[in-house]
Amino acid sequence: MPNIKIFSGSSHQDLSQKIADRLGLELGKVVTKKFSNQETCVEIGESVRGEDVYIVQSGCGEINDNLMELLIMINACKIASASRVTAVIPCFPYARQDKKDKGFFDIPVDNLYAEPAVLKWIKENIPEWKTCTIVSPDAGGAKRVTSIADRLNVDFALIHKERKKANEVDRMVLVGDVKDRVAILVDDMADTCGTVCHAVDKLISAGAVKVYAILTHGIFSGPAISRINNACFEAVVVTNTIPQEEKMKHCPKIQVCHVAQLEI
C-alpha cells in the first residue's frame, strides 16, 4: 500500500502543518521560488515514487501565482512517478458563481463541508443557541441554513436581496422572525462584507438581540475590516481555509473555527 505524503504550497503553510499534525505525519520537503522573470519554480525535495501524494494549496493571497504553483507541483509529482496525486484546495479559487458545480472536471472531485465545524462552534460558544434563528443573507443560501437549522432543531430565516450590480446591494427584505432572539448569519464567503453588514442592520432593526456571522471563507478585501468594525456583530466567525492572523490584528470581532480536523 502506498505511503501518504503531504506537501504544502505557499498559500497557507499553517493549515498544511495542522493537517499533517492531525494525521501524525511530517510535511514533505518542497522548495518554491521564482526566477528573475517571475516564473514559478518548484523543487520536490524527496522521492514520491509510488506514493499517495496530497498537495495543500488554498485559493488566497496571490491567487494566480498560487494556482500556477499548485499546477507545477502536481506536474512535478506525476513526472516523479507518484502513484496518485490529490490537490486539497481549502478555498477553491474562481468559484464565485459556483462554477465548480457546472461540470468542467474530468477527474473525481469531493466537496468538503465545514458544517460539522460550524455546528461544534455554535454549541460551544453561543449559550442561547437552542433558541436562536439561523439566517441566510440571500435566497441562494437557503439550503445551507436549513441544513444547519435542522441539525440544531431551531428556526431559520432568509434575507431576499436585490442587487444593482456585483458587490452592491440595493434592498433587503427579511423573511422570518428574529424578534428577541439571537440571529446567526451563515454564508459561504465574505469578500467586501457589504451584504453581511447590511444584513446585520436589517436583523437588529427587526428585533434581534445579538447577531453572529459564520462565514466559511473570510476573504475580507477592500473595506471589509472597517465595515465589520463598525457593524453590530457579536462576532464574525470564519474557518481557517484562508490565513486570518493579520486581519484579526485589525478586527477583534473576527474569530477562527479550525477545519484541519474535518473528516469525510
# chains A, B, ... in the order shown; residues from 1 in each chain; ligands from 1
call {"tool": "select_by_dssp", "arguments": {"residues": "segment 16-208 of chain A", "states": "helix (DSSP H, G or I)", "output": "PyMOL selection string"}}
result
chain A and resi 16-23+63-79+99-101+115-125+129-131+139-152+194-205
call {"tool": "residues_around", "arguments": {"residues": "segment 116-121 of chain A", "least_positions_apart": "5", "cutoff": "12 Å", "atoms": "only C-alpha atoms", "output": "PyMOL selection string"}}
result
chain A and resi 126-127+129-130+134+144-145+147-153+184-188+212-216+235-240+255-264
call {"tool": "write_last_selection", "arguments": {"atoms": "N, CA and C atoms", "output": "short mmCIF file (atom, residue, chain, number, x, y, z; two decimals), in the first residue's frame"}}
result
data_model
loop_
_atom_site.label_atom_id
_atom_site.label_comp_id
_atom_site.auth_asym_id
_atom_site.auth_seq_id
_atom_site.Cartn_x
_atom_site.Cartn_y
_atom_site.Cartn_z
N ILE A 126 -22.08 29.83 21.77
CA ILE A 126 -23.29 30.66 21.84
C ILE A 126 -24.24 30.03 22.86
N PRO A 127 -24.30 30.59 24.06
CA PRO A 127 -25.12 29.99 25.12
C PRO A 127 -26.60 29.87 24.75
N TRP A 129 -27.96 29.15 21.89
CA TRP A 129 -28.11 28.54 20.57
C TRP A 129 -29.41 27.74 20.42
N LYS A 130 -29.96 27.22 21.52
CA LYS A 130 -31.17 26.40 21.42
C LYS A 130 -32.41 27.21 21.03
N ILE A 134 -31.27 30.72 12.61
CA ILE A 134 -30.21 30.68 11.59
C ILE A 134 -30.70 31.46 10.37
N ARG A 144 -28.32 25.78 2.67
CA ARG A 144 -27.25 25.73 3.67
C ARG A 144 -27.81 25.97 5.07
N VAL A 145 -28.62 27.04 5.23
CA VAL A 145 -29.11 27.38 6.57
C VAL A 145 -30.17 26.40 7.05
N SER A 147 -30.23 23.23 6.47
CA SER A 147 -29.50 22.05 6.93
C SER A 147 -28.97 22.27 8.35
N ILE A 148 -28.37 23.44 8.60
CA ILE A 148 -27.84 23.73 9.93
C ILE A 148 -28.98 23.87 10.94
N ALA A 149 -30.06 24.55 10.56
CA ALA A 149 -31.20 24.73 11.45
C ALA A 149 -31.82 23.38 11.82
N ASP A 150 -31.91 22.48 10.86
CA ASP A 150 -32.46 21.15 11.13
C ASP A 150 -31.57 20.38 12.11
N ARG A 151 -30.27 20.49 11.92
CA ARG A 151 -29.34 19.78 12.81
C ARG A 151 -29.41 20.32 14.24
N LEU A 152 -29.68 21.62 14.37
CA LEU A 152 -29.77 22.23 15.70
C LEU A 152 -31.20 22.23 16.25
N ASN A 153 -32.16 21.88 15.37
CA ASN A 153 -33.58 21.90 15.74
C ASN A 153 -34.03 23.31 16.15
N ILE A 184 -28.07 34.12 13.83
CA ILE A 184 -26.76 33.65 13.34
C ILE A 184 -26.78 33.66 11.82
N LEU A 185 -26.08 34.61 11.24
CA LEU A 185 -25.96 34.69 9.79
C LEU A 185 -24.96 33.63 9.32
N VAL A 186 -25.32 32.88 8.30
CA VAL A 186 -24.42 31.86 7.76
C VAL A 186 -24.28 32.06 6.26
N ASP A 187 -23.03 32.12 5.78
CA ASP A 187 -22.80 32.27 4.35
C ASP A 187 -21.52 31.54 3.97
N ASP A 188 -21.35 31.30 2.66
CA ASP A 188 -20.17 30.53 2.22
C ASP A 188 -18.91 31.39 2.16
N TYR A 212 -24.57 37.07 15.21
CA TYR A 212 -23.28 36.48 14.87
C TYR A 212 -23.25 36.23 13.37
N ALA A 213 -22.07 36.26 12.79
CA ALA A 213 -21.91 35.85 11.40
C ALA A 213 -20.91 34.70 11.35
N ILE A 214 -21.30 33.63 10.67
CA ILE A 214 -20.41 32.49 10.48
C ILE A 214 -20.22 32.29 8.99
N LEU A 215 -18.98 32.47 8.54
CA LEU A 215 -18.66 32.51 7.12
C LEU A 215 -17.57 31.48 6.83
N THR A 216 -17.81 30.62 5.86
CA THR A 216 -16.82 29.58 5.59
C THR A 216 -15.49 30.18 5.16
N ALA A 235 -19.75 38.62 16.99
CA ALA A 235 -18.53 38.01 16.48
C ALA A 235 -18.73 37.66 15.01
N VAL A 236 -17.63 37.66 14.27
CA VAL A 236 -17.63 37.20 12.89
C VAL A 236 -16.68 36.00 12.84
N VAL A 237 -17.26 34.84 12.61
CA VAL A 237 -16.51 33.59 12.70
C VAL A 237 -16.22 33.06 11.30
N VAL A 238 -14.97 32.77 11.04
CA VAL A 238 -14.57 32.22 9.74
C VAL A 238 -13.72 30.97 9.97
N THR A 239 -13.69 30.10 8.99
CA THR A 239 -12.78 28.96 9.08
C THR A 239 -11.38 29.40 8.67
N ASN A 240 -10.42 28.54 8.93
CA ASN A 240 -9.03 28.87 8.58
C ASN A 240 -8.63 28.32 7.22
N GLN A 255 -13.17 35.77 14.69
CA GLN A 255 -12.73 34.56 15.37
C GLN A 255 -12.59 33.44 14.34
N VAL A 256 -11.73 32.47 14.64
CA VAL A 256 -11.42 31.42 13.67
C VAL A 256 -11.90 30.06 14.18
N CYS A 257 -12.55 29.35 13.29
CA CYS A 257 -13.01 27.97 13.52
C CYS A 257 -12.13 27.06 12.67
N HIS A 258 -11.41 26.15 13.28
CA HIS A 258 -10.40 25.36 12.57
C HIS A 258 -11.02 24.17 11.85
N VAL A 259 -10.53 23.90 10.64
CA VAL A 259 -11.08 22.82 9.82
C VAL A 259 -10.10 21.69 9.57
N ALA A 260 -8.90 21.77 10.15
CA ALA A 260 -7.91 20.72 9.88
C ALA A 260 -8.38 19.35 10.35
N GLN A 261 -9.30 19.33 11.33
CA GLN A 261 -9.75 18.06 11.89
C GLN A 261 -10.95 17.49 11.17
N LEU A 262 -11.46 18.17 10.12
CA LEU A 262 -12.63 17.68 9.41
C LEU A 262 -12.38 16.31 8.82
N GLU A 263 -13.41 15.46 8.87
CA GLU A 263 -13.32 14.12 8.28
C GLU A 263 -14.48 13.95 7.30
N ILE A 264 -14.23 13.20 6.21
CA ILE A 264 -15.27 12.97 5.22
C ILE A 264 -16.26 11.94 5.77
#
call {"tool": "closest_residue", "arguments": {"among": "A:Val209, A:Ile107, A:Ala157, A:Val56", "to": "Gly141 of chain A", "atoms": "only C-alpha atoms"}}
result
A:Ala157
call {"tool": "residues_around", "arguments": {"residues": "segment 35-40 of chain A", "least_positions_apart": "3", "cutoff": "12 Å", "atoms": "only C-alpha atoms", "output": "number ranges by chain"}}
result
A: 9-10, 31-32, 43, 64-73
call {"tool": "atom_distance", "arguments": {"atom1": "atom CA of Pro223 of chain A", "atom2": "atom CA of Cys197 of chain A"}}
result
11.3 Å
call {"tool": "closest_atom_pairs", "arguments": {"of": "segment 10-53 of chain A", "to": "segment 244-248 of chain A", "cutoff": "12 Å", "atoms": "only C-alpha atoms", "output": "JSON lines"}}
result
{"residue": "A:His12", "atom": "CA", "partner": "A:Gln244", "partner_atom": "CA", "distance": 10.2}
{"residue": "A:Asp14", "atom": "CA", "partner": "A:Glu245", "partner_atom": "CA", "distance": 10.6}
{"residue": "A:Leu15", "atom": "CA", "partner": "A:Gln244", "partner_atom": "CA", "distance": 11.1}
call {"tool": "select_by_dssp", "arguments": {"residues": "segment 85-223 of chain A", "states": "strand (DSSP E)", "output": "ChimeraX atom specification"}}
result
/A:85-88,133-136,155-165,168-175,182-190,210-218
call {"tool": "write_last_selection", "arguments": {"atoms": "N, CA and C atoms", "output": "short mmCIF file (atom, residue, chain, number, x, y, z; two decimals), in the first residue's frame"}}
result
data_model
loop_
_atom_site.label_atom_id
_atom_site.label_comp_id
_atom_site.auth_asym_id
_atom_site.auth_seq_id
_atom_site.Cartn_x
_atom_site.Cartn_y
_atom_site.Cartn_z
N VAL A 85 -1.97 11.63 -7.14
CA VAL A 85 -1.79 13.00 -6.66
C VAL A 85 -3.16 13.62 -6.43
N THR A 86 -3.39 14.10 -5.22
CA THR A 86 -4.66 14.74 -4.87
C THR A 86 -4.39 16.17 -4.45
N ALA A 87 -5.09 17.11 -5.08
CA ALA A 87 -4.99 18.51 -4.68
C ALA A 87 -6.05 18.80 -3.62
N VAL A 88 -5.62 19.31 -2.48
CA VAL A 88 -6.52 19.71 -1.40
C VAL A 88 -6.57 21.24 -1.43
N THR A 133 -32.05 31.82 15.79
CA THR A 133 -32.55 31.68 14.42
C THR A 133 -31.37 31.72 13.47
N ILE A 134 -31.27 30.72 12.61
CA ILE A 134 -30.21 30.68 11.59
C ILE A 134 -30.70 31.46 10.37
N VAL A 135 -29.89 32.38 9.89
CA VAL A 135 -30.33 33.30 8.84
C VAL A 135 -29.39 33.21 7.63
N SER A 136 -29.99 33.10 6.46
CA SER A 136 -29.21 33.22 5.21
C SER A 136 -29.31 34.65 4.71
N ASP A 155 -35.24 27.49 14.41
CA ASP A 155 -35.88 28.14 13.27
C ASP A 155 -34.84 28.73 12.32
N PHE A 156 -35.29 29.01 11.09
CA PHE A 156 -34.41 29.68 10.14
C PHE A 156 -35.17 30.82 9.46
N ALA A 157 -34.41 31.73 8.90
CA ALA A 157 -34.97 32.85 8.14
C ALA A 157 -34.04 33.14 6.99
N LEU A 158 -34.49 33.93 6.05
CA LEU A 158 -33.61 34.35 4.97
C LEU A 158 -33.88 35.80 4.60
N ILE A 159 -32.90 36.39 3.99
CA ILE A 159 -32.99 37.77 3.54
C ILE A 159 -32.95 37.78 2.02
N HIS A 160 -33.98 38.33 1.44
CA HIS A 160 -34.01 38.47 -0.02
C HIS A 160 -33.36 39.80 -0.37
N LYS A 161 -32.33 39.73 -1.22
CA LYS A 161 -31.62 40.96 -1.57
C LYS A 161 -31.71 41.23 -3.06
N GLU A 162 -31.82 42.48 -3.38
CA GLU A 162 -31.84 42.92 -4.77
C GLU A 162 -30.58 43.72 -5.02
N ARG A 163 -29.83 43.33 -6.05
CA ARG A 163 -28.55 43.97 -6.36
C ARG A 163 -28.68 44.95 -7.51
N LYS A 164 -28.01 46.10 -7.37
CA LYS A 164 -27.84 47.00 -8.51
C LYS A 164 -26.76 46.45 -9.44
N LYS A 165 -25.68 45.97 -8.82
CA LYS A 165 -24.57 45.38 -9.57
C LYS A 165 -23.78 44.51 -8.61
N GLU A 168 -22.81 45.14 -4.70
CA GLU A 168 -23.57 46.30 -4.24
C GLU A 168 -25.05 45.93 -4.11
N VAL A 169 -25.54 45.93 -2.87
CA VAL A 169 -26.91 45.53 -2.59
C VAL A 169 -27.82 46.75 -2.55
N ASP A 170 -28.97 46.67 -3.22
CA ASP A 170 -29.90 47.79 -3.27
C ASP A 170 -30.91 47.74 -2.13
N ARG A 171 -31.58 46.60 -1.94
CA ARG A 171 -32.65 46.50 -0.95
C ARG A 171 -32.70 45.11 -0.36
N MET A 172 -33.06 45.02 0.95
CA MET A 172 -33.12 43.73 1.63
C MET A 172 -34.48 43.56 2.29
N VAL A 173 -35.04 42.35 2.17
CA VAL A 173 -36.32 42.03 2.79
C VAL A 173 -36.14 40.76 3.64
N LEU A 174 -36.46 40.84 4.94
CA LEU A 174 -36.33 39.70 5.84
C LEU A 174 -37.58 38.82 5.77
N VAL A 175 -37.37 37.52 5.56
CA VAL A 175 -38.46 36.55 5.55
C VAL A 175 -38.23 35.61 6.74
N VAL A 182 -31.40 35.54 19.33
CA VAL A 182 -30.06 35.60 18.76
C VAL A 182 -30.14 35.14 17.32
N ALA A 183 -29.59 35.94 16.40
CA ALA A 183 -29.58 35.57 14.98
C ALA A 183 -28.16 35.19 14.57
N ILE A 184 -28.07 34.12 13.83
CA ILE A 184 -26.76 33.65 13.34
C ILE A 184 -26.78 33.66 11.82
N LEU A 185 -26.08 34.61 11.24
CA LEU A 185 -25.96 34.69 9.79
C LEU A 185 -24.96 33.63 9.32
N VAL A 186 -25.32 32.88 8.30
CA VAL A 186 -24.42 31.86 7.76
C VAL A 186 -24.28 32.06 6.26
N ASP A 187 -23.03 32.12 5.78
CA ASP A 187 -22.80 32.27 4.35
C ASP A 187 -21.52 31.54 3.97
N ASP A 188 -21.35 31.30 2.66
CA ASP A 188 -20.17 30.53 2.22
C ASP A 188 -18.91 31.39 2.16
N MET A 189 -19.06 32.67 1.86
CA MET A 189 -17.88 33.52 1.83
C MET A 189 -18.26 34.97 2.05
N ALA A 190 -17.30 35.78 2.48
CA ALA A 190 -17.50 37.22 2.62
C ALA A 190 -16.28 37.90 2.03
N LYS A 210 -28.91 39.81 19.48
CA LYS A 210 -27.50 39.65 19.14
C LYS A 210 -27.42 39.07 17.73
N VAL A 211 -26.33 39.39 17.02
CA VAL A 211 -26.13 38.84 15.69
C VAL A 211 -24.70 38.33 15.57
N TYR A 212 -24.57 37.07 15.21
CA TYR A 212 -23.28 36.48 14.87
C TYR A 212 -23.25 36.23 13.37
N ALA A 213 -22.07 36.26 12.79
CA ALA A 213 -21.91 35.85 11.40
C ALA A 213 -20.91 34.70 11.35
N ILE A 214 -21.30 33.63 10.67
CA ILE A 214 -20.41 32.49 10.48
C ILE A 214 -20.22 32.29 8.99
N LEU A 215 -18.98 32.47 8.54
CA LEU A 215 -18.66 32.51 7.12
C LEU A 215 -17.57 31.48 6.83
N THR A 216 -17.81 30.62 5.86
CA THR A 216 -16.82 29.58 5.59
C THR A 216 -15.49 30.18 5.16
N HIS A 217 -15.52 31.09 4.19
CA HIS A 217 -14.29 31.69 3.68
C HIS A 217 -14.29 33.20 3.93
N GLY A 218 -13.39 33.67 4.76
CA GLY A 218 -13.29 35.10 5.03
C GLY A 218 -12.23 35.74 4.14
#
call {"tool": "residues_around", "arguments": {"residues": "Ile228 of chain A", "least_positions_apart": "6", "cutoff": "9 Å", "atoms": "only C-alpha atoms", "output": "compact mmCIF listing (two decimals) with N, CA, C and O atoms, in the first residue's frame"}}
result
# COMPACT_ATOMS: atom_id res chain seq x y z
N CYS A 193 -17.85 42.37 2.35
CA CYS A 193 -18.72 42.35 3.53
C CYS A 193 -19.89 43.33 3.47
O CYS A 193 -20.52 43.61 4.49
N VAL A 196 -23.24 41.13 4.35
CA VAL A 196 -23.46 40.73 5.74
C VAL A 196 -23.64 41.94 6.65
O VAL A 196 -24.37 41.87 7.65
N CYS A 197 -22.99 43.06 6.32
CA CYS A 197 -23.15 44.25 7.16
C CYS A 197 -24.51 44.91 6.94
O CYS A 197 -25.09 45.44 7.89
N VAL A 236 -17.63 37.66 14.27
CA VAL A 236 -17.63 37.20 12.89
C VAL A 236 -16.68 36.00 12.84
O VAL A 236 -15.48 36.14 13.03
N CYS A 251 -9.11 43.64 13.63
CA CYS A 251 -10.54 43.45 13.86
C CYS A 251 -10.76 42.40 14.95
O CYS A 251 -10.75 41.20 14.67
N LYS A 253 -13.33 41.42 16.36
CA LYS A 253 -14.57 40.65 16.23
C LYS A 253 -14.37 39.34 15.46
O LYS A 253 -15.18 38.43 15.56
N ILE A 254 -13.28 39.25 14.69
CA ILE A 254 -13.04 38.05 13.90
C ILE A 254 -12.52 36.92 14.78
O ILE A 254 -11.57 37.09 15.54
call {"tool": "closest_residue", "arguments": {"among": "A:Leu23, A:Arg227, A:Ile89, A:Glu124", "to": "Asn111 of chain A", "atoms": "only C-alpha atoms"}}
result
A:Ile89
call {"tool": "residues_around", "arguments": {"residues": "Arg84 of chain A", "least_positions_apart": "2", "cutoff": "10 Å", "atoms": "only C-alpha atoms", "output": "MDAnalysis selection string"}}
result
chainID A and resid 2 4 48:54 74 77:78 81:82 86
call {"tool": "atom_distance", "arguments": {"atom1": "atom CA of Pro93 of chain A", "atom2": "atom CA of Phe105 of chain A"}}
result
14.2 Å
